[in-house]
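Text of the file entry14.cif, holding mmCIF, C-alpha atoms:
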```cif
data_start
loop_
_atom_site.label_atom_id
_atom_site.label_comp_id
_atom_site.auth_asym_id
_atom_site.auth_seq_id
_atom_site.Cartn_x
_atom_site.Cartn_y
_atom_site.Cartn_z
CA MET A 1 26.75 48.52 34.92
CA ARG A 2 30.28 49.35 33.84
CA THR A 3 32.66 46.45 33.70
CA GLN A 4 36.02 45.52 32.32
CA VAL A 5 35.65 41.87 31.43
CA ARG A 6 38.87 40.02 30.66
CA SER A 7 39.16 37.97 27.50
CA LEU A 8 38.15 34.39 26.97
CA ALA A 9 39.24 32.34 24.13
CA SER A 10 40.66 28.95 24.19
CA SER A 11 40.44 26.35 21.52
CA PRO A 12 37.27 24.26 21.67
CA LEU A 13 39.37 21.19 22.45
CA ARG A 14 41.01 22.81 25.45
CA ILE A 15 37.65 24.05 26.67
CA ALA A 16 36.22 20.55 26.30
CA LEU A 17 39.01 19.13 28.42
CA ALA A 18 38.42 21.77 31.06
CA LEU A 19 34.69 21.14 31.22
CA GLY A 20 34.76 17.44 32.12
CA THR A 21 32.78 16.56 35.20
CA VAL A 22 33.38 13.50 37.35
CA CYS A 23 30.67 12.39 39.73
CA LEU A 24 31.51 9.43 41.98
CA VAL A 25 28.37 8.30 43.80
CA LEU A 26 27.24 5.58 46.18
CA ALA A 27 23.62 4.40 46.27
CA ALA A 28 21.85 2.66 49.14
CA SER A 29 19.49 3.56 51.99
CA ALA A 30 20.44 5.06 55.32
CA THR A 31 18.74 6.17 58.51
CA PRO A 32 19.91 8.73 61.05
CA SER A 33 21.88 7.29 63.95
CA GLY A 34 23.90 8.57 66.86
CA ALA A 35 26.25 11.45 66.14
CA ALA A 36 29.98 11.53 66.79
CA THR A 37 30.94 12.08 70.42
CA ASP A 38 33.47 14.82 69.63
CA ARG A 39 31.05 17.04 67.76
CA PRO A 40 30.55 20.67 68.79
CA ASP A 41 27.40 21.92 70.44
CA ALA A 42 24.27 21.67 68.29
CA VAL A 43 22.98 24.67 66.38
CA PRO A 44 19.99 26.00 68.37
CA GLY A 45 16.63 25.34 66.76
CA ILE A 46 17.81 23.08 63.89
CA THR A 47 16.05 19.71 63.75
CA LEU A 48 15.52 17.07 61.09
CA VAL A 49 11.77 16.63 60.57
CA GLU A 50 11.76 14.12 57.72
CA GLN A 51 14.16 12.02 55.67
CA ARG A 52 13.02 10.52 52.34
CA LEU A 53 14.70 8.41 49.73
CA ILE A 54 14.03 9.91 46.29
CA GLU A 55 14.24 7.53 43.32
CA ILE A 56 13.27 8.28 39.71
CA PRO A 57 14.29 5.28 37.59
CA ASP A 58 16.44 5.64 34.46
CA SER A 59 17.05 9.31 35.20
CA ARG A 60 19.70 11.71 36.30
CA ILE A 61 18.28 13.86 39.09
CA LEU A 62 19.66 17.37 38.62
CA SER A 63 18.31 19.72 41.27
CA LEU A 64 15.47 20.85 43.48
CA SER A 65 13.64 24.06 42.54
CA PRO A 66 14.22 27.10 44.78
CA ASP A 67 10.68 26.85 46.18
CA GLY A 68 11.19 23.15 46.92
CA GLY A 69 8.15 22.03 44.94
CA SER A 70 9.77 20.56 41.82
CA ILE A 71 12.69 18.38 40.76
CA ALA A 72 14.52 18.75 37.43
CA VAL A 73 15.51 15.46 35.80
CA ALA A 74 17.48 14.52 32.69
CA ARG A 75 16.48 11.24 31.05
CA PRO A 76 17.80 8.67 30.39
CA ALA A 77 20.60 8.40 32.93
CA GLY A 78 24.11 8.95 31.61
CA SER A 79 25.76 11.60 29.46
CA GLU A 80 23.47 11.31 26.42
CA ALA A 81 20.16 12.51 27.89
CA ASP A 82 17.56 13.45 25.28
CA ARG A 83 14.73 14.63 27.56
CA LEU A 84 14.48 17.28 30.26
CA CYS A 85 11.69 16.64 32.73
CA VAL A 86 10.13 18.12 35.86
CA HIS A 87 8.63 16.02 38.67
CA ASP A 88 6.55 17.00 41.67
CA THR A 89 8.69 16.81 44.81
CA GLU A 90 5.99 15.46 47.10
CA THR A 91 4.52 12.75 44.84
CA LEU A 92 7.41 12.32 42.33
CA VAL A 93 4.75 12.38 39.60
CA GLU A 94 6.10 13.58 36.26
CA ARG A 95 4.63 16.93 35.28
CA PHE A 96 6.13 16.93 31.80
CA CYS A 97 9.08 15.51 29.89
CA THR A 98 10.32 17.58 26.94
CA ASP A 99 12.14 15.93 24.06
CA VAL A 100 15.44 17.75 23.45
CA SER A 101 16.97 15.16 21.12
CA ASP A 102 16.83 17.58 18.18
CA LEU A 103 19.38 19.97 19.72
CA GLU A 104 22.45 20.21 17.49
CA ALA A 105 24.92 19.72 20.36
CA ARG A 106 22.71 17.82 22.83
CA LEU A 107 21.57 18.80 26.30
CA TRP A 108 24.34 20.03 28.59
CA ALA A 109 22.83 18.73 31.82
CA GLU A 110 25.47 20.31 34.08
CA THR A 111 24.33 23.78 32.96
CA VAL A 112 20.63 23.37 33.81
CA VAL A 113 19.65 26.09 36.30
CA TRP A 114 16.39 27.17 37.94
CA SER A 115 15.16 30.74 38.02
CA PRO A 116 14.88 32.12 41.58
CA ASP A 117 11.06 32.21 41.25
CA SER A 118 11.02 28.51 40.18
CA GLN A 119 9.08 29.35 37.00
CA TRP A 120 11.85 28.72 34.46
CA LEU A 121 14.84 26.57 33.60
CA ALA A 122 17.77 27.61 31.43
CA PHE A 123 20.50 25.47 29.89
CA GLY A 124 23.11 25.30 27.17
CA GLU A 125 24.30 22.66 24.71
CA MET A 126 27.48 20.55 24.77
CA TRP A 127 29.16 22.32 21.87
CA PRO A 128 32.70 21.84 23.31
CA LEU A 129 32.26 18.09 22.86
CA TYR A 130 30.43 18.05 19.53
CA PHE A 131 32.25 20.94 17.77
CA THR A 132 28.98 22.24 16.37
CA ASP A 133 26.72 25.18 17.03
CA GLY A 134 24.93 25.28 20.37
CA ASP A 135 22.28 27.67 21.66
CA LEU A 136 20.92 29.00 24.95
CA TRP A 137 17.51 27.62 25.89
CA LEU A 138 14.71 28.70 28.22
CA MET A 139 12.14 26.17 29.44
CA ASP A 140 8.79 26.99 31.03
CA ALA A 141 8.82 24.93 34.24
CA SER A 142 5.04 24.48 34.20
CA THR A 143 4.59 23.36 30.58
CA GLY A 144 8.00 22.28 29.27
CA VAL A 145 7.79 24.69 26.31
CA LEU A 146 11.22 25.66 24.97
CA THR A 147 12.41 29.06 23.73
CA ASN A 148 15.72 29.74 22.01
CA LEU A 149 17.05 32.80 23.88
CA ALA A 150 20.18 33.41 21.82
CA ASP A 151 19.47 32.11 18.34
CA ASP A 152 22.24 33.08 15.91
CA GLU A 153 20.32 31.37 13.07
CA LEU A 154 23.17 28.95 12.45
CA ASP A 155 21.98 25.41 11.88
CA GLY A 156 24.87 23.19 12.96
CA GLY A 157 28.41 23.30 11.62
CA TRP A 158 31.37 25.42 12.64
CA GLU A 159 31.66 27.98 9.85
CA GLY A 160 31.11 31.72 9.63
CA ASP A 161 30.50 34.15 12.51
CA PHE A 162 28.44 33.09 15.51
CA THR A 163 28.49 32.75 19.30
CA LEU A 164 28.44 29.71 21.57
CA PRO A 165 26.64 30.31 24.90
CA GLN A 166 27.46 28.48 28.10
CA HIS A 167 27.03 28.61 31.91
CA PRO A 168 23.72 30.51 32.19
CA THR A 169 22.57 32.05 35.46
CA PHE A 170 19.33 33.95 36.09
CA THR A 171 19.26 37.48 37.37
CA PRO A 172 17.84 37.55 40.93
CA ASP A 173 14.46 38.90 39.77
CA SER A 174 14.14 36.01 37.26
CA SER A 175 13.58 38.46 34.39
CA ALA A 176 16.75 37.70 32.42
CA VAL A 177 19.56 35.21 31.90
CA THR A 178 23.23 36.19 32.14
CA PHE A 179 25.61 33.89 30.30
CA ALA A 180 29.11 33.58 28.91
CA ARG A 181 29.57 33.11 25.18
CA THR A 182 32.50 32.11 23.04
CA VAL A 183 32.80 34.25 19.91
CA VAL A 184 33.60 32.47 16.63
CA GLN A 185 34.75 34.42 13.57
CA ASP A 186 35.38 32.74 10.23
CA GLY A 187 35.13 29.39 11.97
CA GLN A 188 37.85 30.20 14.54
CA SER A 189 37.52 30.93 18.25
CA ALA A 190 38.06 34.67 18.74
CA GLY A 191 37.50 35.17 22.46
CA ALA A 192 34.43 35.58 24.59
CA ASP A 193 32.25 37.96 26.52
CA ILE A 194 29.41 37.99 29.03
CA ALA A 195 25.89 39.06 28.07
CA THR A 196 22.38 39.27 29.49
CA VAL A 197 19.19 38.50 27.56
CA PRO A 198 15.58 39.08 28.78
CA ILE A 199 13.49 35.93 29.12
CA LEU A 200 10.67 37.65 27.21
CA GLY A 201 12.96 38.04 24.21
CA GLY A 202 15.22 40.68 22.77
CA GLU A 203 18.87 41.27 22.02
CA ALA A 204 21.56 39.90 24.29
CA VAL A 205 23.36 42.90 25.80
CA PRO A 206 27.07 42.42 26.57
CA LEU A 207 28.61 43.83 29.72
CA ASP A 208 30.09 47.27 29.15
CA ASP A 209 33.79 47.51 28.24
CA SER A 210 34.14 43.74 27.90
CA THR A 211 37.24 42.53 26.08
CA ARG A 212 38.24 39.28 24.45
CA GLY A 213 41.40 37.20 24.43
CA SER A 214 42.70 33.99 25.94
CA SER A 215 40.36 33.58 28.91
CA HIS A 216 37.30 31.39 29.40
CA TYR A 217 34.41 32.26 31.69
CA TYR A 218 33.79 29.00 33.47
CA GLY A 219 30.89 29.99 35.71
CA LEU A 220 28.79 33.00 36.71
CA ARG A 221 26.81 33.75 39.85
CA TRP A 222 24.77 36.80 40.84
CA THR A 223 24.36 37.63 44.49
CA PRO A 224 20.68 37.42 45.51
CA ASP A 225 20.51 41.21 45.97
CA GLU A 226 21.95 41.73 42.43
CA SER A 227 24.72 43.96 43.75
CA ARG A 228 27.53 41.74 42.47
CA LEU A 229 28.28 39.28 39.70
CA TYR A 230 31.03 36.77 40.49
CA VAL A 231 32.83 35.19 37.55
CA HIS A 232 35.18 32.21 37.48
CA ILE A 233 37.80 32.85 34.79
CA ILE A 234 40.36 30.47 33.31
CA ASP A 235 43.11 32.32 31.47
CA HIS A 236 44.72 29.73 29.17
CA GLN A 237 48.44 30.12 28.51
CA GLU A 238 50.93 27.73 26.93
CA SER A 239 52.60 27.34 30.32
CA GLY A 240 49.30 26.69 32.11
CA TYR A 241 46.83 29.00 33.84
CA GLY A 242 47.63 32.68 33.23
CA PRO A 243 47.49 35.56 35.74
CA ASP A 244 43.83 36.38 35.05
CA SER A 245 42.72 32.92 36.23
CA GLY A 246 40.65 32.99 39.39
CA ILE A 247 37.50 34.75 40.63
CA TRP A 248 36.52 38.22 39.46
CA VAL A 249 33.78 40.40 40.93
CA TYR A 250 31.72 43.00 39.05
CA GLU A 251 29.78 45.40 41.25
CA THR A 252 26.77 47.13 39.72
CA GLU A 253 27.52 50.40 41.48
CA ALA A 254 31.33 50.39 41.57
CA GLY A 255 32.70 50.52 38.04
CA PRO A 256 35.13 48.05 36.45
CA GLY A 257 35.51 44.50 37.65
CA ARG A 258 38.40 43.43 39.84
CA GLN A 259 40.17 40.17 40.45
CA LEU A 260 39.08 38.94 43.88
CA ILE A 261 41.51 36.04 44.06
CA SER A 262 43.89 34.50 41.55
CA ALA A 263 44.54 30.84 40.82
CA ALA A 264 48.07 31.38 42.12
CA ASP A 265 46.64 32.56 45.44
CA LEU A 266 44.46 29.45 45.57
CA ASP A 267 47.44 27.22 44.75
CA ARG A 268 45.08 24.77 43.02
CA GLY A 269 42.43 24.61 40.34
CA LEU A 270 38.93 25.91 41.02
CA GLU A 271 36.00 23.82 39.86
CA SER A 272 32.99 26.00 40.59
CA ILE A 273 31.39 28.78 42.59
CA VAL A 274 28.76 26.85 44.54
CA ALA A 275 26.83 29.62 46.30
CA ALA A 276 26.98 33.19 47.57
CA THR A 277 25.48 34.89 50.60
CA PRO A 278 22.68 37.39 49.81
CA ARG A 279 24.96 40.45 49.63
CA GLY A 280 28.04 38.58 48.47
CA GLU A 281 30.01 38.82 51.71
CA GLN A 282 30.99 35.16 51.34
CA LEU A 283 31.40 32.75 48.45
CA LEU A 284 31.30 28.98 48.77
CA VAL A 285 33.64 27.38 46.23
CA ARG A 286 34.66 23.87 45.29
CA TRP A 287 38.19 22.93 44.26
CA ALA A 288 38.88 21.06 41.06
CA PHE A 289 39.61 17.35 41.24
CA SER A 290 42.88 16.80 43.07
CA LEU A 291 45.44 14.02 42.85
CA ASP A 292 46.14 14.47 46.55
CA PRO A 293 45.30 11.07 48.08
CA LYS A 294 44.04 12.73 51.28
CA PRO A 295 42.37 16.00 50.32
CA LEU A 296 41.15 17.66 53.50
CA ASP A 297 39.65 20.81 52.04
CA ARG A 298 37.68 20.27 48.84
CA PHE A 299 35.53 23.31 49.68
CA ALA A 300 36.30 26.77 50.99
CA LEU A 301 34.65 30.05 51.93
CA ILE A 302 36.10 33.11 50.23
CA ASP A 303 35.57 36.59 51.63
CA GLY A 304 33.73 38.59 48.97
CA ASP A 305 35.66 41.78 49.78
CA SER A 306 39.20 40.72 50.67
CA GLY A 307 39.50 37.35 48.93
CA ALA A 308 40.63 35.68 52.16
CA VAL A 309 40.28 31.88 51.94
CA GLU A 310 38.86 29.71 54.73
CA PRO A 311 39.15 26.00 53.82
CA LEU A 312 36.24 23.90 55.07
CA THR A 313 37.16 21.04 57.34
CA SER A 314 35.18 19.11 59.90
CA LEU A 315 34.54 20.88 63.19
CA ARG A 316 35.29 17.55 64.88
CA PRO A 317 39.10 17.14 65.00
CA LYS A 318 39.03 13.34 65.34
CA VAL A 319 37.22 12.82 62.04
CA ARG A 320 38.91 15.37 59.76
CA ARG A 321 40.97 12.74 57.96
CA SER A 322 38.47 9.90 58.01
CA LYS A 323 35.58 12.06 56.73
CA PRO A 324 36.71 14.97 54.56
CA ILE A 325 33.97 17.32 53.39
CA ILE A 326 32.89 16.18 49.92
CA GLY A 327 29.74 18.28 49.51
CA ALA A 328 28.47 21.63 50.75
CA THR A 329 25.84 24.31 50.17
CA LEU A 330 24.45 27.42 51.89
CA SER A 331 20.98 28.10 53.27
CA PRO A 332 19.04 30.61 51.15
CA ASP A 333 19.57 33.36 53.74
CA GLY A 334 23.31 32.62 53.89
CA SER A 335 23.42 32.06 57.65
CA LEU A 336 23.92 28.30 57.66
CA LEU A 337 26.24 25.87 55.90
CA LEU A 338 25.27 22.27 55.10
CA THR A 339 28.14 19.81 54.67
CA VAL A 340 28.37 16.23 53.45
CA SER A 341 31.39 14.41 54.88
CA GLY A 342 32.64 11.25 53.24
CA GLY A 343 34.98 8.38 53.85
CA ARG A 344 34.05 4.94 55.03
CA GLY A 345 30.89 6.45 56.47
CA ARG A 346 28.78 9.49 55.64
CA GLN A 347 27.68 12.47 57.71
CA VAL A 348 25.36 15.33 56.82
CA ALA A 349 25.58 18.30 59.17
CA VAL A 350 24.46 21.92 59.46
CA ARG A 351 26.67 24.57 61.06
CA ASP A 352 26.68 28.29 61.64
CA LEU A 353 28.53 29.91 58.76
CA HIS A 354 31.42 31.07 60.94
CA GLY A 355 30.51 29.56 64.28
CA LEU A 356 31.53 26.49 66.25
CA GLN A 357 28.05 25.01 66.55
CA GLU A 358 26.95 22.10 64.39
CA THR A 359 23.99 19.74 64.22
CA VAL A 360 24.61 16.31 62.70
CA LEU A 361 21.52 15.35 60.71
CA LEU A 362 22.66 11.97 59.36
CA ASP A 363 25.49 9.81 60.67
CA VAL A 364 26.12 6.48 58.96
CA LYS A 365 28.91 4.56 60.66
CA PRO A 366 31.74 2.75 58.82
CA GLY A 367 30.65 -0.71 57.74
CA SER A 368 27.02 0.31 57.35
CA ALA A 369 25.37 0.36 53.94
CA PRO A 370 26.40 3.60 52.21
CA PRO A 371 23.65 6.24 52.25
CA ASP A 372 21.99 7.81 49.26
CA VAL A 373 24.13 10.92 49.60
CA SER A 374 27.27 11.90 47.72
CA GLY A 375 29.46 14.89 47.07
CA GLY A 376 27.26 16.07 44.22
CA PRO A 377 25.66 19.54 44.24
CA ALA A 378 23.09 19.76 47.03
CA THR A 379 20.08 22.10 46.87
CA TRP A 380 18.69 23.98 49.88
CA ALA A 381 15.24 25.31 48.99
CA GLN A 382 13.43 28.30 50.44
CA ASN A 383 11.04 26.02 52.38
CA ASP A 384 14.05 24.42 54.16
CA THR A 385 13.84 21.25 52.11
CA VAL A 386 17.29 19.94 51.13
CA PHE A 387 18.03 17.54 48.29
CA ILE A 388 21.36 15.67 48.34
CA PRO A 389 22.22 13.60 45.24
CA GLY A 390 23.13 9.94 45.56
CA GLY A 391 23.27 7.69 42.54
CA GLN A 392 22.14 9.24 39.25
CA ALA A 393 18.55 8.12 39.79
CA ARG A 394 18.52 8.46 43.57
CA GLY A 395 19.07 10.92 46.36
CA THR A 396 17.99 11.94 49.84
CA LEU A 397 15.43 14.60 50.68
CA LEU A 398 15.67 16.22 54.11
CA VAL A 399 13.01 18.46 55.64
CA LEU A 400 14.44 20.78 58.29
CA ASP A 401 12.84 22.83 61.05
CA ARG A 402 14.87 25.95 61.78
CA GLY A 403 12.82 26.94 64.79
CA ASP A 404 12.94 30.66 65.60
CA ARG A 405 15.60 31.16 62.92
CA GLY A 406 12.82 31.04 60.34
CA GLY A 407 13.13 30.46 56.60
CA THR A 408 13.54 32.93 53.77
#
```
Before we go any further, please render this structure as structure tokens.
Amino acid sequence: MRTQVRSLASSPLRIALALGTVCLVLAASATPSGAATDRPDAVPGITLVEQRLIEIPDSRILSLSPDGGSIAVARPAGSEADRLCVHDTETLVERFCTDVSDLEARLWAETVVWSPDSQWLAFGEMWPLYFTDGDLWLMDASTGVLTNLADDELDGGWEGDFTLPQHPTFTPDSSAVTFARTVVQDGQSAGADIATVPILGGEAVPLDDSTRGSSHYYGLRWTPDESRLYVHIIDHQESGYGPDSGIWVYETEAGPGRQLISAADLDRGLESIVAATPRGEQLLVRWAFSLDPKPLDRFALIDGDSGAVEPLTSLRPKVRRSKPIIGATLSPDGSLLLTVSGGRGRQVAVRDLHGLQETVLLDVKPGSAPPDVSGGPATWAQNDTVFIPGGQARGTLLVLDRGDRGGT
């Protein structure tokens, strides 16, 4: 794979400021009720089979495994978790809970990711906050055993030459982890690159022709067919975001990477790449936190070839302002889009990716107790089970029947 990765180097303090995550959540129970009268026609074959409240006390529920059978949990709740645990989805019984309190820079819960085969978890450490060495970790999802995937043999501190890994993502075959890493030389940030390391061990191999400079790789995502790697880049300049800021795409069969869309084209900050369709035709992205008092498009679809932006708004014109979309994810096969709409009430709906059909799964009216759903990152598993976060220790599990559409 030949690439031309742009540079990444910002001071640790500036990176720390950029990496803050705000999660505003509401916790209470809810039951499905009548849907809005101005909704489009329902998506054929999509029905809600089961709705469950998930609660794991004194925990931060992170995500559902791709096969739907397990839930990753950081414990205790809050930003200083010292254990990473896995629970059975059906029974909520704890399978294991691994002590990670000895990590030099603590568990970076926002970076915990599942392998596509649900056999592994990978995560980084919060080195931008602690200004000390952090490593890249692999956890066996059946035993909780930890392996240091990118050990530079530095034990704490911020001196000498070493690398600081962040934002891991598994390759689609689950055999390796691709990650960004800040390069430190003589105790000073000297840029960054992107590398891939096998889960069975070995040297981390950087992408070909990668360069270093003033940019920071904020998030990486492979397409499920492994034909493309999408990278969110922040190019730090004294005047703000530089021209390299935006989304870049690296195609395994097409030579150097190219900028798909710039931050200037987006006209706002980008928070994350949420999901990609199997061949990368579409990306689902989330905007950074906005000071706009009435943000109507916190999510958007971006064409993976042209970079064209399609902001996500409600398909029901009467509720676009009262219930902006605050959460979204794609089905594993990329054909359907799940949205969480918020405001005084909450709605969870499924729509065709580019169609005008939508099925409202949950509809909690204004004045009702807020549901256990929020704008946090939802997970749509391969068995058509969907987990939507609520409060840190709570969330809602939905079991869908896709009829003749089938699963993945």
Could you expand the PyMOL selection byres ((chain A and resi 149) around 6) into the explicit residues it covers here, written as a compact mmCIF listing (two decimals) with C-alpha atoms, in the frame of the given file?
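Result went into selection06.txt, see below:
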```
# COMPACT_ATOMS: atom_id res chain seq x y z
CA LEU A 136 20.92 29.00 24.95
CA TRP A 137 17.51 27.62 25.89
CA THR A 147 12.41 29.06 23.73
CA ASN A 148 15.72 29.74 22.01
CA ALA A 150 20.18 33.41 21.82
```
### Task
Please write the residues picked by the PyMOL selection byres ((chain A and resi 49) around 7) on this file as a ChimeraX atom specification.
/A:47-48,50,399-401
### Task
May I ask for the distance between CA of Ala109 in chain A and CA of Leu84 in chain A, given in Å to one decimal place?
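Value for the CA of Ala109 in chain A-CA of Leu84 in chain A distance: 8.6 Å.
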### Message
Restricting the calculation to all atoms listed in the file: of A:Ala180, A:Pro44, A:Ala81, A:Leu270, which residue gets closest to Arg60 in chain A?
### Response
A:Ala81
#### Entry: CA of Cys85 in chain A to CA of Val73 in chain A, straight-line distance in Å
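Computing it gives 5.0 Å between the two atoms.
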### Message
Could you list, as a list in words, every residue matched by the PyMOL selection byres ((chain A and resi 242) around 10) in this structure?
### Response
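This file, filtered by the PyMOL selection byres ((chain A and resi 242) around 10), leaves Ser214, Ser215, Ile233, Ile234, Asp235, His236, Gln237, Glu238, Ser239, Gly240, Tyr241, Pro243, Asp244, Ser245, Gly246, Ser262, Ala263 and Ala264 of chain A.
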Dump of C-alpha atoms for the selected residues, as an mmCIF file, in the coordinates of the input:
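What follows is the written file selection30.cif:
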```cif
data_model
loop_
_atom_site.group_PDB
_atom_site.id
_atom_site.type_symbol
_atom_site.label_atom_id
_atom_site.label_comp_id
_atom_site.auth_asym_id
_atom_site.auth_seq_id
_atom_site.Cartn_x
_atom_site.Cartn_y
_atom_site.Cartn_z
ATOM 1 C CA SER A 214 42.700 33.990 25.940
ATOM 2 C CA SER A 215 40.360 33.580 28.910
ATOM 3 C CA ILE A 233 37.800 32.850 34.790
ATOM 4 C CA ILE A 234 40.360 30.470 33.310
ATOM 5 C CA ASP A 235 43.110 32.320 31.470
ATOM 6 C CA HIS A 236 44.720 29.730 29.170
ATOM 7 C CA GLN A 237 48.440 30.120 28.510
ATOM 8 C CA GLU A 238 50.930 27.730 26.930
ATOM 9 C CA SER A 239 52.600 27.340 30.320
ATOM 10 C CA GLY A 240 49.300 26.690 32.110
ATOM 11 C CA TYR A 241 46.830 29.000 33.840
ATOM 12 C CA PRO A 243 47.490 35.560 35.740
ATOM 13 C CA ASP A 244 43.830 36.380 35.050
ATOM 14 C CA SER A 245 42.720 32.920 36.230
ATOM 15 C CA GLY A 246 40.650 32.990 39.390
ATOM 16 C CA SER A 262 43.890 34.500 41.550
ATOM 17 C CA ALA A 263 44.540 30.840 40.820
ATOM 18 C CA ALA A 264 48.070 31.380 42.120
#
```
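Residues of protein, DNA or RNA having at least one counted atom within 10 Å of (31.5, 18.2, 53.3), given all atoms listed in the file, are Leu296, Asp297, Arg298, Phe299, Leu312, Thr313, Ser314, Lys323, Pro324, Ile325, Ile326, Gly327, Ala328, Thr329, Leu337, Leu338, Thr339, Val340, Ser341, Gly342, Arg346, Gln347, Val348, Ala349, Ser374 and Gly375 of chain A.
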### Message
Can you tell me which residues surround range 351-355 of chain A at a distance of at most 10 Å, considering all atoms listed in the file, apart from same-chain residues fewer than 5 positions away, and format the answer as a list in words?
### Response
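The residues that qualify are Pro40, Asp41, Ala42, Val43, Pro44, Ile46, Gln282, Leu301, Glu310, Leu315, Leu330, Ser331, Gly334, Ser335, Leu336, Leu337, Leu338, Thr339 and Val360 of chain A.
Protein, DNA and RNA residues at most 9 Å from (16.2, 37.2, 29.3), with only C-alpha atoms, are these: Leu138, Leu149, Phe170, Thr171, Ser174, Ser175, Ala176, Val177, Thr178, Thr196, Val197, Pro198, Ile199, Leu200, Gly201, Gly202, Glu203 and Ala204 of chain A.
Minimum atom-to-atom distance to Leu397 in chain A, evaluated using all atoms listed in the file, belongs to A:Ile54 out of A:Ala195, A:Val350, A:Val285, A:Ile54.
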### Message
Quick check, in Å to one decimal: how far apart do CA of Val364 in chain A and CA of Gln382 in chain A lie?
### Response
26.6 Å
### Task
Could you give me, as a PyMOL selection string, the residues within 9 Å of range 116-118 of chain A, counting all atoms listed in the file and dropping anything in the same chain fewer than 3 positions from it?
chain A and resi 65-70+121+141+170-174+224
#### Entry: Minimum-distance residue to Gly376 in chain A, chosen among A:Ser189, A:Gln51, A:Ser63, A:Ser227 (using all atoms listed in the file)
A:Ser63
#### Entry: Residue among A:Val100, A:Ile388, A:Leu398, A:Leu362 lying closest to Ile61 in chain A, counting only C-alpha atoms
A:Ile388
### Query
Which is closest to Thr396 in chain A among A:Arg95, A:Asp384, A:Asp372, A:Asp58, if we use only C-alpha atoms?
A:Asp372
